[in-house]
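J.: This is work-v9.csv (CSV, C-alpha atoms).
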chain,number,residue,atom,x,y,z
Y,1,MET,CA,123.9,107.9,79.5
Y,2,ARG,CA,122.6,106.8,82.9
Y,3,ARG,CA,123.0,103.1,81.9
Y,4,GLY,CA,126.5,103.7,80.5
Y,5,ALA,CA,127.7,105.7,83.4
Y,6,PRO,CA,128.7,102.6,85.6
Y,7,VAL,CA,130.7,101.2,82.6
Y,8,ILE,CA,132.5,104.5,82.2
Y,9,VAL,CA,133.3,104.6,85.9
Y,10,LEU,CA,134.5,101.0,85.8
Y,11,GLY,CA,136.8,101.7,82.8
Y,12,ALA,CA,138.2,104.8,84.5
Y,13,LEU,CA,138.9,102.9,87.7
Y,14,LEU,CA,140.6,100.0,85.8
Y,15,ALA,CA,142.7,102.5,83.8
Y,16,LEU,CA,143.6,104.3,87.1
Y,17,LEU,CA,144.5,100.9,88.7
Y,18,LEU,CA,146.7,99.8,85.8
Y,19,GLY,CA,148.3,103.2,85.4
Y,20,SER,CA,149.1,103.4,89.1
Y,21,TYR,CA,150.6,99.9,89.1
Y,22,ILE,CA,152.8,100.7,86.1
Y,23,VAL,CA,154.0,104.0,87.5
Y,24,TYR,CA,154.5,102.5,91.0
Y,25,SER,CA,156.5,99.5,89.5
Y,26,GLN,CA,158.8,101.9,87.6
Y,27,ILE,CA,159.4,104.0,90.7
Y,28,VAL,CA,160.2,100.9,92.8
Y,29,VAL,CA,162.6,99.7,90.1
Y,30,SER,CA,164.3,103.1,89.9
Y,31,GLN,CA,164.7,103.3,93.7
Y,32,LEU,CA,166.0,99.7,93.9
Y,33,ARG,CA,168.7,100.5,91.4
Y,34,GLY,CA,169.6,103.6,93.4
Y,35,GLU,CA,169.8,101.6,96.6
Y,36,ALA,CA,171.9,98.9,94.9
Y,37,ARG,CA,174.2,101.6,93.6
Y,38,ASN,CA,174.6,103.1,97.1
Y,39,VAL,CA,175.2,99.8,98.7
Y,40,GLY,CA,177.8,98.9,96.1
Y,41,GLN,CA,179.6,102.2,96.6
Y,42,MET,CA,179.5,101.7,100.4
Y,43,THR,CA,180.9,98.2,100.1
Y,44,GLY,CA,183.7,99.4,97.8
Y,45,GLN,CA,184.6,102.2,100.2
Y,46,LEU,CA,184.7,99.7,103.2
Y,47,LEU,CA,186.9,97.3,101.2
Y,48,ARG,CA,189.2,100.1,100.1
Y,49,ALA,CA,189.5,101.5,103.6
Y,50,ASN,CA,190.4,98.0,105.0
Y,51,ALA,CA,193.0,97.5,102.3
Y,52,ASP,CA,194.5,101.1,102.3
Y,53,THR,CA,195.8,102.1,105.8
Y,54,THR,CA,196.6,105.6,104.5
Y,55,ILE,CA,192.9,106.5,104.2
Y,56,ASP,CA,191.7,108.8,107.0
Y,57,PRO,CA,188.9,106.9,109.0
Y,58,VAL,CA,187.1,110.2,109.5
Y,59,THR,CA,187.0,110.8,105.8
Y,60,ALA,CA,185.8,107.3,105.2
Y,61,LEU,CA,183.0,107.6,107.8
Y,62,PHE,CA,182.0,111.0,106.3
Y,63,ASP,CA,181.7,109.4,102.8
Y,64,LEU,CA,179.6,106.5,104.3
Y,65,SER,CA,177.3,109.0,106.0
Y,66,LYS,CA,176.6,110.7,102.7
Y,67,HIS,CA,175.4,107.3,101.2
Y,68,ILE,CA,173.3,106.7,104.3
Y,69,ASP,CA,171.7,110.1,103.9
Y,70,SER,CA,170.9,109.4,100.2
Y,71,LEU,CA,169.2,106.1,101.2
Y,72,GLY,CA,167.0,108.1,103.6
Y,73,VAL,CA,167.5,105.6,106.4
Y,74,PRO,CA,166.8,107.2,109.8
Y,75,VAL,CA,169.8,106.4,112.1
Y,76,ILE,CA,170.5,107.3,115.7
Y,77,VAL,CA,173.8,106.4,117.5
Y,78,THR,CA,173.6,106.3,121.4
Y,79,ASP,CA,176.4,105.8,123.9
Y,80,ASP,CA,176.4,103.2,126.7
Y,81,SER,CA,174.1,105.4,128.9
Y,82,GLY,CA,171.5,105.7,126.0
Y,83,ARG,CA,172.3,109.3,125.2
Y,84,PRO,CA,172.1,110.2,121.5
Y,85,THR,CA,175.5,111.2,120.1
Y,86,ALA,CA,174.7,111.3,116.4
Y,87,TRP,CA,171.7,111.1,114.1
Y,88,ALA,CA,170.7,111.4,110.5
Y,89,ASN,CA,167.5,111.4,108.3
Y,90,LEU,CA,165.2,112.0,111.2
Y,91,PRO,CA,161.6,112.9,110.2
Y,92,PHE,CA,161.7,116.0,112.5
Y,93,ASP,CA,164.0,118.9,113.3
Y,94,VAL,CA,166.2,118.4,116.3
Y,95,ASP,CA,166.8,121.5,118.5
Y,96,ARG,CA,168.9,121.7,121.7
Y,97,ASP,CA,166.5,119.4,123.5
Y,98,THR,CA,167.1,115.8,122.4
Y,99,ALA,CA,164.1,114.3,124.3
Y,100,ASN,CA,162.2,113.7,121.0
Y,101,VAL,CA,165.3,111.9,119.7
Y,102,ILE,CA,165.4,109.6,122.7
Y,103,GLN,CA,161.7,108.8,122.1
Y,104,TYR,CA,162.3,108.1,118.5
Y,105,VAL,CA,165.0,105.6,119.4
Y,106,ALA,CA,162.3,103.4,120.9
Y,107,GLU,CA,160.3,103.6,117.7
Y,108,LEU,CA,163.3,102.6,115.6
Y,109,ASP,CA,164.0,99.6,117.9
Y,110,ARG,CA,160.5,98.4,117.3
Y,111,ILE,CA,161.3,98.4,113.5
Y,112,ASN,CA,164.8,96.9,113.6
Y,113,LYS,CA,166.9,95.4,116.4
Y,114,PRO,CA,169.8,97.9,117.3
Y,115,VAL,CA,173.4,97.0,116.4
Y,116,SER,CA,176.1,97.2,119.1
Y,117,GLU,CA,179.4,98.6,117.9
Y,118,GLY,CA,181.7,98.4,121.0
Y,119,SER,CA,183.2,101.8,121.8
Y,120,VAL,CA,180.9,103.5,119.3
Y,121,GLY,CA,177.7,102.5,121.2
Y,122,LYS,CA,174.5,101.3,119.7
Y,123,VAL,CA,173.2,102.1,116.2
Y,124,HIS,CA,169.4,102.4,115.9
Y,125,TYR,CA,168.1,102.4,112.4
Y,126,GLY,CA,164.8,102.3,110.5
Y,127,ASP,CA,163.7,101.5,107.0
Y,128,THR,CA,164.6,103.1,103.7
Y,129,ARG,CA,162.1,105.3,101.9
Y,130,LEU,CA,161.3,102.5,99.5
Y,131,VAL,CA,160.4,100.1,102.3
Y,132,ARG,CA,158.1,102.7,103.9
Y,133,ARG,CA,156.4,103.3,100.6
Y,134,LEU,CA,156.1,99.5,100.0
Y,135,ARG,CA,154.0,99.4,103.2
Y,136,VAL,CA,151.6,102.1,102.1
Y,137,ILE,CA,151.2,101.9,98.3
Y,138,PRO,CA,149.9,98.3,98.2
Y,139,LEU,CA,147.2,99.2,100.7
Y,140,LEU,CA,146.1,102.1,98.4
Y,141,GLN,CA,146.1,99.8,95.4
Y,142,THR,CA,144.1,97.2,97.3
Y,143,GLY,CA,141.6,99.9,98.1
Y,144,LEU,CA,141.4,100.9,94.5
Y,145,LEU,CA,141.0,97.2,93.5
Y,146,LEU,CA,138.1,96.9,95.9
Y,147,MET,CA,136.5,99.9,94.3
Y,148,VAL,CA,136.9,98.3,90.9
Y,149,LEU,CA,135.3,95.2,92.1
Y,150,ALA,CA,132.4,97.2,93.7
Y,151,ALA,CA,132.0,99.1,90.4
Y,152,GLY,CA,131.9,95.7,88.5
Y,153,VAL,CA,129.1,94.4,90.8
Y,154,LEU,CA,127.2,97.7,90.3
Y,155,VAL,CA,127.6,97.4,86.5
Y,156,LEU,CA,126.3,93.8,86.5
Y,157,ARG,CA,123.3,94.8,88.7
Y,158,THR,CA,122.6,97.9,86.6
Y,159,ARG,CA,122.8,95.9,83.3
Y,160,SER,CA,120.5,93.2,84.8
Y,161,ARG,CA,118.0,95.8,85.9
Y,162,ALA,CA,118.1,97.6,82.6
Y,163,ASP,CA,117.5,94.3,80.7
Y,164,ARG,CA,114.5,93.6,83.0
Y,165,GLU,CA,113.1,97.1,82.5
Y,166,SER,CA,113.5,96.8,78.8
Y,167,VAL,CA,111.6,93.5,78.7
Y,168,TRP,CA,108.8,95.0,80.9
Y,169,ALA,CA,108.6,98.1,78.7
Y,170,GLY,CA,108.4,96.0,75.6
Y,171,MET,CA,105.7,93.8,77.0
Y,172,ALA,CA,103.7,96.9,78.1
Y,173,ARG,CA,103.9,98.5,74.7
Y,174,GLU,CA,103.0,95.3,73.0
Y,175,SER,CA,100.0,94.9,75.4
Y,176,ALA,CA,98.8,98.4,74.4
Y,177,HIS,CA,99.1,97.4,70.7
Y,178,GLN,CA,97.1,94.2,71.3
Y,179,LEU,CA,94.4,96.1,73.2
Y,180,ALA,CA,93.8,98.5,70.3
Y,181,THR,CA,91.8,96.0,68.2
Y,182,PRO,CA,89.3,94.8,70.8
Y,183,LEU,CA,88.8,98.4,72.0
Y,184,SER,CA,87.9,99.4,68.5
Y,185,SER,CA,85.5,96.5,68.3
Y,186,ILE,CA,83.9,97.4,71.6
Y,187,SER,CA,83.5,101.0,70.5
Y,188,GLY,CA,81.6,99.7,67.4
Y,189,TRP,CA,79.3,97.6,69.5
Y,190,ILE,CA,78.5,100.6,71.8
Y,191,GLU,CA,77.5,102.6,68.7
Y,192,LEU,CA,75.1,99.8,67.8
Y,193,LEU,CA,73.6,99.8,71.3
Y,194,ARG,CA,73.0,103.5,71.0
Y,195,GLU,CA,70.1,102.7,68.6
Y,196,ARG,CA,68.3,101.2,71.6
Y,197,GLU,CA,68.8,104.1,74.0
Y,198,SER,CA,65.0,104.3,74.3
Y,199,ASP,CA,65.3,101.6,76.9
Y,200,GLU,CA,66.4,103.3,80.1
Y,201,MET,CA,68.5,100.4,81.4
Y,202,THR,CA,70.2,100.1,78.0
Y,203,ALA,CA,71.0,103.9,78.0
Y,204,ARG,CA,72.5,103.7,81.4
Y,205,ALA,CA,74.5,100.7,80.5
Y,206,VAL,CA,75.8,102.4,77.4
Y,207,ARG,CA,76.9,105.4,79.5
Y,208,HIS,CA,78.8,103.2,81.9
Y,209,MET,CA,80.3,101.2,79.0
Y,210,GLU,CA,81.5,104.4,77.3
Y,211,SER,CA,83.1,105.5,80.6
Y,212,ASP,CA,84.9,102.1,81.0
Y,213,LEU,CA,85.9,102.2,77.3
Y,214,GLU,CA,87.4,105.6,77.8
Y,215,ARG,CA,89.3,104.3,80.8
Y,216,LEU,CA,90.6,101.3,78.9
Y,217,GLU,CA,91.8,103.5,76.2
Y,218,ARG,CA,93.7,105.6,78.8
Y,219,VAL,CA,95.2,102.5,80.3
Y,220,ALA,CA,96.4,101.3,76.9
Y,221,HIS,CA,97.8,104.8,76.4
Y,222,ARG,CA,99.6,104.5,79.7
Y,223,PHE,CA,101.2,101.2,78.6
Y,224,GLU,CA,102.5,103.0,75.6
Y,225,ARG,CA,104.2,105.6,77.8
Y,226,ILE,CA,106.2,103.0,79.8
Y,227,GLY,CA,109.9,103.3,78.9
Y,228,ARG,CA,109.6,106.6,77.2
Y,229,PRO,CA,110.7,110.0,78.5
Y,230,ALA,CA,108.0,111.8,80.6
Y,231,ARG,CA,106.4,114.8,79.0
Y,232,LYS,CA,106.8,118.3,80.5
Y,233,ASP,CA,103.3,119.7,80.0
Y,234,PRO,CA,101.3,122.0,82.4
Y,235,VAL,CA,99.1,119.6,84.5
Y,236,ASP,CA,96.3,120.6,86.9
Y,237,ILE,CA,96.9,118.2,89.8
Y,238,GLY,CA,93.6,119.2,91.4
Y,239,GLU,CA,91.6,118.2,88.3
Y,240,LEU,CA,93.4,114.9,88.2
Y,241,VAL,CA,92.5,114.2,91.9
Y,242,LEU,CA,88.9,115.1,91.3
Y,243,ARG,CA,88.7,112.9,88.2
Y,244,VAL,CA,90.2,109.9,90.0
Y,245,SER,CA,87.8,110.4,92.9
Y,246,ARG,CA,84.7,110.6,90.7
Y,247,TYR,CA,85.7,107.5,88.8
Y,248,PHE,CA,86.1,105.4,91.9
Y,249,GLN,CA,83.1,106.9,93.6
Y,250,ALA,CA,80.9,105.3,90.9
Y,251,ARG,CA,82.4,101.9,91.4
Y,252,VAL,CA,83.1,101.3,95.1
Y,253,PRO,CA,81.0,98.9,97.3
Y,254,THR,CA,77.9,100.5,98.7
Y,255,LEU,CA,76.0,97.6,100.3
Y,256,ALA,CA,77.6,95.1,102.7
Y,257,HIS,CA,80.9,96.9,103.3
Y,258,GLN,CA,80.4,100.5,102.3
Y,259,VAL,CA,83.5,102.5,101.2
Y,260,THR,CA,83.3,106.3,101.1
Y,261,ILE,CA,85.6,108.3,98.9
Y,262,ALA,CA,86.0,112.0,99.6
Y,263,SER,CA,88.2,114.5,97.8
Y,264,ARG,CA,89.2,118.1,98.2
Y,265,VAL,CA,91.3,120.6,96.4
Y,266,VAL,CA,92.7,123.6,98.3
Y,267,GLY,CA,94.1,126.7,96.6
Y,268,GLY,CA,93.6,125.6,93.0
Y,269,PRO,CA,94.5,125.6,90.3
Y,270,LEU,CA,97.5,123.4,91.3
Y,271,ILE,CA,99.6,123.5,88.1
Y,272,VAL,CA,102.8,121.4,87.9
Y,273,GLU,CA,105.0,120.5,84.9
Y,274,GLY,CA,104.8,116.8,84.0
Y,275,ASP,CA,103.1,114.0,82.2
Y,276,ALA,CA,99.3,114.0,82.9
Y,277,VAL,CA,98.9,110.3,81.8
Y,278,LEU,CA,101.6,109.1,84.2
Y,279,LEU,CA,100.6,111.3,87.1
Y,280,GLU,CA,97.0,110.2,86.9
Y,281,TRP,CA,98.2,106.6,86.8
Y,282,ALA,CA,100.2,107.2,90.0
Y,283,ILE,CA,97.2,108.7,91.9
Y,284,GLU,CA,94.9,105.9,90.7
Y,285,ALA,CA,97.4,103.2,91.8
Y,286,LEU,CA,97.5,104.7,95.3
Y,287,THR,CA,93.7,105.0,95.5
Y,288,LYS,CA,93.3,101.4,94.3
Y,289,ASN,CA,95.7,100.3,97.0
Y,290,ALA,CA,93.6,102.0,99.6
Y,291,LEU,CA,90.4,100.3,98.1
Y,292,ASP,CA,92.2,96.9,98.4
Y,293,ALA,CA,93.1,97.6,102.0
Y,294,LEU,CA,89.4,98.3,102.8
Y,295,ALA,CA,88.1,95.2,100.9
Y,296,GLY,CA,85.8,93.1,103.1
Y,297,ARG,CA,85.6,95.7,105.9
Y,298,GLY,CA,84.5,99.0,104.5
Y,299,GLY,CA,85.8,102.4,105.5
Y,300,ARG,CA,86.8,105.8,104.2
Y,301,ILE,CA,89.3,107.1,101.6
Y,302,TYR,CA,90.3,110.7,101.5
Y,303,LEU,CA,92.1,112.5,98.7
Y,304,LEU,CA,93.5,116.0,99.4
Y,305,ALA,CA,95.5,118.3,97.0
Y,306,THR,CA,97.1,121.3,98.5
Y,307,ARG,CA,99.9,123.8,97.8
Y,308,ARG,CA,102.8,124.2,100.2
Y,309,ASP,CA,105.3,126.9,99.3
Y,310,ASP,CA,106.6,126.0,95.8
Y,311,LYS,CA,105.3,122.4,96.0
Y,312,VAL,CA,102.0,120.6,95.4
Y,313,THR,CA,101.1,117.8,97.7
Y,314,VAL,CA,98.5,115.1,97.0
Y,315,ARG,CA,97.6,113.0,100.1
Y,316,ILE,CA,95.8,109.7,99.7
Y,317,ALA,CA,94.7,108.4,103.1
Y,318,ASP,CA,92.5,105.5,104.3
Y,319,ASP,CA,91.4,104.2,107.7
Y,320,GLY,CA,92.1,100.6,107.0
Y,321,PRO,CA,94.5,98.2,108.9
Y,322,GLY,CA,97.6,100.1,107.8
Y,323,ILE,CA,101.0,98.8,107.0
Y,324,PRO,CA,102.9,96.8,109.6
Y,325,LYS,CA,106.0,98.6,111.0
Y,326,GLU,CA,108.4,95.8,109.9
Y,327,LEU,CA,107.2,96.1,106.3
Y,328,ARG,CA,107.2,99.9,105.8
Y,329,ASP,CA,110.8,99.9,104.5
Y,330,ARG,CA,110.0,97.3,101.8
Y,331,ILE,CA,106.7,98.4,100.3
Y,332,PHE,CA,108.3,100.3,97.5
Y,333,GLU,CA,110.4,97.4,96.4
Y,334,ALA,CA,109.5,95.9,93.0
Y,335,GLY,CA,107.9,92.5,93.4
Y,336,PHE,CA,107.1,92.9,97.1
Y,337,SER,CA,103.4,92.8,98.0
Y,338,THR,CA,101.4,92.4,101.2
Y,339,LYS,CA,98.6,90.8,99.3
Y,340,GLN,CA,98.6,87.1,98.4
Y,341,THR,CA,97.5,87.8,94.8
Y,342,GLY,CA,99.6,91.0,94.4
Y,343,TRP,CA,102.3,91.5,91.9
Y,344,GLY,CA,104.2,94.1,93.8
Y,345,ILE,CA,104.3,96.5,90.9
Y,346,GLY,CA,101.9,99.3,91.8
Y,347,LEU,CA,103.9,101.1,94.5
Y,348,ALA,CA,107.2,100.6,92.8
Y,349,LEU,CA,105.8,102.0,89.5
Y,350,THR,CA,104.2,104.9,91.3
Y,351,LYS,CA,107.5,105.8,93.1
Y,352,ARG,CA,109.3,105.7,89.7
Y,353,ILE,CA,106.7,108.0,88.1
Y,354,VAL,CA,106.8,110.5,90.9
Y,355,GLU,CA,110.5,110.5,91.7
Y,356,GLU,CA,112.4,109.5,88.5
Y,357,ASN,CA,110.0,110.9,85.9
Y,358,HIS,CA,109.0,114.1,87.8
Y,359,GLY,CA,111.7,114.7,90.4
Y,360,GLY,CA,109.2,114.6,93.2
Y,361,ARG,CA,108.9,112.5,96.4
Y,362,LEU,CA,106.6,109.7,97.4
Y,363,LEU,CA,106.3,109.2,101.1
Y,364,LEU,CA,104.5,106.9,103.5
Y,365,ALA,CA,103.5,109.3,106.2
Y,366,PRO,CA,103.6,108.2,109.8
Y,367,ARG,CA,100.0,107.6,111.0
Y,368,GLY,CA,98.4,105.7,113.9
Y,369,ARG,CA,95.6,104.2,111.8
Y,370,GLY,CA,95.4,103.3,108.2
Y,371,ALA,CA,97.9,104.2,105.5
Y,372,THR,CA,98.7,107.7,104.3
Y,373,PHE,CA,100.8,108.4,101.2
Y,374,ASP,CA,102.0,111.8,100.2
Y,375,VAL,CA,102.9,112.7,96.6
Y,376,ILE,CA,105.0,115.9,96.6
Y,377,LEU,CA,105.7,117.6,93.3
Y,378,ARG,CA,107.5,120.9,92.4
Y,379,THR,CA,105.4,123.6,90.7
What is this structure when it is put down as structure tokens?
T.:
Amino acid sequence: MRRGAPVIVLGALLALLLGSYIVYSQIVVSQLRGEARNVGQMTGQLLRANADTTIDPVTALFDLSKHIDSLGVPVIVTDDSGRPTAWANLPFDVDRDTANVIQYVAELDRINKPVSEGSVGKVHYGDTRLVRRLRVIPLLQTGLLLMVLAAGVLVLRTRSRADRESVWAGMARESAHQLATPLSSISGWIELLRERESDEMTARAVRHMESDLERLERVAHRFERIGRPARKDPVDIGELVLRVSRYFQARVPTLAHQVTIASRVVGGPLIVEGDAVLLEWAIEALTKNALDALAGRGGRIYLLATRRDDKVTVRIADDGPGIPKELRDRIFEAGFSTKQTGWGIGLALTKRIVEENHGGRLLLAPRGRGATFDVILRT
């Protein structure tokens, strides 16, 4: 439905544009016929009055004024001193004070040049109703056309993005499928190594290999989740934070450039509704980014999970070089990376997991040193 919504909007706008054009054209044709009929009747009355001297001029003028009134043309007649002596079809009510009529004369003169009729004075006139509408309706239709064009561009971009996402999701699921065979094989080799657990080094290596194998299986499972609806299971965010922290604590540098990882859960259990696999992936991606920022320099990473009102917040902070101010607005864009070997996928994927899949928020918090990310989820 989300992918088809722009197409539906574009179709509705096109239908509205075509419908308005057809209706407007019919209205213009009808009004042009009416104006032609009035002009023809006025011309016939003038010719008849010129040929028949018995026709009362006052009656003829009265008949002409009715046709003018039906055309909706605003008309003001002024004498030689500029004082209004007669008017018709004005867009306002005229009371005893004719000051507003005098002001309207100047507006009519800007539209059409007044006509001088000797002893009658000057005739000031505007445009018919049709002409006034012809000035406004095309502007509205132009605006609607621009909306249609904008919707078309949106549809193309949405379709292109949907196609790319479909390709990435397919590649991720295929990768998960391809990983299944070597993972099963590695699991078998680990079982064989268990027979030599009498050797302390072998036993320790087997434990680490089992831990890494378990992680690889979780990663493969994550790839399978790409492109599928997020689950709505009870998830203990505090437990996820502690698990991620323990995993990286066993694998961070401890010699030349020492990295310290600390974690804390306040007010647990911190239960939210969501997909545990995807949420753990998001927290790991942010922690891995912090580790990359401290590579070659050492430092400290701090993970904190707390409850604030009806929300759970996970903060991942480091004391590395931070993110330059000019790049802070672009770090969540897919394909954008501050690292030379980066793919620019981690933060974009994390933002999608948090915001699109779980209705939360991923924020880069303002901080003087290092980088601090806040994952905010509803309980």
J.: Using all atoms listed in the file, pick whichever of Y:Val244, Y:Val28, Y:Val123, Y:Leu10 has the shortest atom-to-atom distance to Ala151 in chain Y.
T.: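 With all atoms listed in the file as the atom set, the closest residue is Y:Leu10.
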J.: Which of these residues is nearest to Val115 in chain Y, using only C-alpha atoms: Y:Thr78, Y:Thr128, Y:Gln258, Y:Ser185?
T.: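 Closest candidate: Y:Thr78.
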J.: Within 6 Å of Ala285 in chain Y, counting all atoms listed in the file, which residues qualify if same-chain residues fewer than 3 places away don't, as a PDB file with C-alpha atoms, in the frame of the given file?
T.:
ATOM      1  CA  ALA Y 282     100.200 107.200  90.000  1.00  0.00           C
ATOM      2  CA  LYS Y 288      93.300 101.400  94.300  1.00  0.00           C
ATOM      3  CA  GLY Y 346     101.900  99.300  91.800  1.00  0.00           C
TER       4      GLY Y 346
END
J.: Of the residues Y:Asn100, Y:Thr142, Y:Thr287, Y:Ser116, which is the one nearest to Val252 in chain Y, using all atoms listed in the file?
T.: Y:Thr287
J.: Determine the nearest neighbour of Asp80 in chain Y from the options Y:Leu149, Y:His221, Y:Lys122, Y:Leu286, counting only C-alpha atoms.
T.: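 Among the listed residues, Y:Lys122 lies closest to Asp80 in chain Y.
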J.: Determine, counting all atoms listed in the file, which protein, DNA and RNA residues have an atom within 12 Å of an atom of range 134-137 of chain Y; residues of the same chain fewer than 4 positions away are not included. Present the result as a count of residues only.
T.: 19
J.: Mind pulling up the distance from CA of Glu217 in chain Y to CA of Val375 in chain Y?
T.: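 CA of Glu217 in chain Y lies 25.0 Å from CA of Val375 in chain Y.
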J.: By how many Å are CA of Ile76 in chain Y and CA of Asn112 in chain Y apart?
T.: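 Straight-line distance from CA of Ile76 in chain Y to CA of Asn112 in chain Y works out to 12.0 Å.
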J.: Which residues of range 237-319 of chain Y sit at most 12 Å from range 206-215 of chain Y, using all atoms listed in the file? Give each one's shortest atom pair and distance in Å (one decimal place), in chain and ascending residue order, as a Markdown table.
T.:
| residue | atom | partner | partner_atom | distance |
| --- | --- | --- | --- | --- |
| Y:Arg243 | CA | Y:Arg215 | CA | 11.4 |
| Y:Val244 | CA | Y:Arg215 | CA | 10.8 |
| Y:Arg246 | CA | Y:Ser211 | CA | 11.4 |
| Y:Tyr247 | CA | Y:Ser211 | CA | 8.8 |
| Y:Phe248 | CA | Y:Asp212 | CA | 11.5 |
| Y:Ala250 | CA | Y:His208 | CA | 9.5 |
| Y:Arg251 | CA | Y:His208 | CA | 10.2 |
| Y:Val277 | CA | Y:Arg215 | CA | 11.4 |
| Y:Glu280 | CA | Y:Arg215 | CA | 11.5 |
| Y:Trp281 | CA | Y:Arg215 | CA | 11.0 |
| Y:Glu284 | CA | Y:Arg215 | CA | 11.5 |
J.: Which value, in Å to one decimal, gives the distance between CA of Gln249 in chain Y and CA of Asp318 in chain Y?
T.: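 We find that CA of Gln249 in chain Y and CA of Asp318 in chain Y lie 14.3 Å from each other.
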J.: Counting only C-alpha atoms, what is within 10 Å of Thr372 in chain Y, bar same-chain residues fewer than 2 positions away, as a count of residues only?
T.: 21
J.: Nearest to Ile345 in chain Y among Y:Asn289, Y:Ala230, Y:Gly360, Y:Leu139, with distances taken over only C-alpha atoms: which residue is it?
T.: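 Using only C-alpha atoms, the shortest distance to Ile345 in chain Y belongs to Y:Asn289.
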J.: Excluding range 103-108 of chain Y and residues on its chain fewer than 2 positions from it, collect all residues at most 9 Å away from it, counting all atoms listed in the file, and give them as number ranges by chain.
T.: Y: 74-76, 78, 84, 90, 98-101, 110-114, 124-127
J.: Between Y:Arg330, Y:Arg361, Y:Arg33, Y:Arg378, which is the closest to Ile237 in chain Y once you count only C-alpha atoms?
T.: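 The closest residue to Ile237 in chain Y is Y:Arg378.
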J.: Generate the coordinates of all heavy atoms for range 22-26 of chain Y; report them as a JSON list (two decimals), in the frame of the given file.
T.:
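Dumped everything to result-v5.json:
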[["chain", "number", "residue", "atom", "x", "y", "z"],
["Y", 22, "ILE", "N", 151.66, 100.51, 86.97],
["Y", 22, "ILE", "CA", 152.80, 100.70, 86.10],
["Y", 22, "ILE", "C", 153.75, 101.76, 86.63],
["Y", 22, "ILE", "O", 154.97, 101.58, 86.71],
["Y", 22, "ILE", "CB", 152.35, 101.03, 84.67],
["Y", 22, "ILE", "CG1", 151.60, 99.83, 84.05],
["Y", 22, "ILE", "CG2", 153.52, 101.43, 83.79],
["Y", 22, "ILE", "CD1", 150.95, 100.14, 82.72],
["Y", 23, "VAL", "N", 153.17, 102.91, 87.01],
["Y", 23, "VAL", "CA", 154.00, 104.00, 87.50],
["Y", 23, "VAL", "C", 154.70, 103.57, 88.81],
["Y", 23, "VAL", "O", 155.90, 103.82, 89.01],
["Y", 23, "VAL", "CB", 153.12, 105.25, 87.78],
["Y", 23, "VAL", "CG1", 153.92, 106.32, 88.50],
["Y", 23, "VAL", "CG2", 152.59, 105.78, 86.45],
["Y", 24, "TYR", "N", 153.95, 102.91, 89.70],
["Y", 24, "TYR", "CA", 154.50, 102.50, 91.00],
["Y", 24, "TYR", "C", 155.66, 101.46, 90.74],
["Y", 24, "TYR", "O", 156.72, 101.52, 91.39],
["Y", 24, "TYR", "CB", 153.43, 101.86, 91.83],
["Y", 24, "TYR", "CG", 153.93, 101.24, 93.11],
["Y", 24, "TYR", "CD1", 154.55, 102.00, 94.10],
["Y", 24, "TYR", "CD2", 153.76, 99.87, 93.35],
["Y", 24, "TYR", "CE1", 155.00, 101.42, 95.27],
["Y", 24, "TYR", "CE2", 154.21, 99.29, 94.51],
["Y", 24, "TYR", "CZ", 154.82, 100.06, 95.48],
["Y", 24, "TYR", "OH", 155.26, 99.49, 96.64],
["Y", 25, "SER", "N", 155.46, 100.54, 89.79],
["Y", 25, "SER", "CA", 156.50, 99.50, 89.50],
["Y", 25, "SER", "C", 157.77, 100.22, 88.99],
["Y", 25, "SER", "O", 158.89, 99.86, 89.40],
["Y", 25, "SER", "CB", 155.99, 98.53, 88.47],
["Y", 25, "SER", "OG", 154.86, 97.84, 88.96],
["Y", 26, "GLN", "N", 157.62, 101.22, 88.12],
["Y", 26, "GLN", "CA", 158.80, 101.90, 87.60],
["Y", 26, "GLN", "C", 159.51, 102.68, 88.71],
["Y", 26, "GLN", "O", 160.75, 102.73, 88.74],
["Y", 26, "GLN", "CB", 158.35, 102.88, 86.48],
["Y", 26, "GLN", "CG", 157.81, 102.19, 85.24],
["Y", 26, "GLN", "CD", 158.82, 101.24, 84.63],
["Y", 26, "GLN", "OE1", 159.99, 101.57, 84.48],
["Y", 26, "GLN", "NE2", 158.36, 100.04, 84.27]]
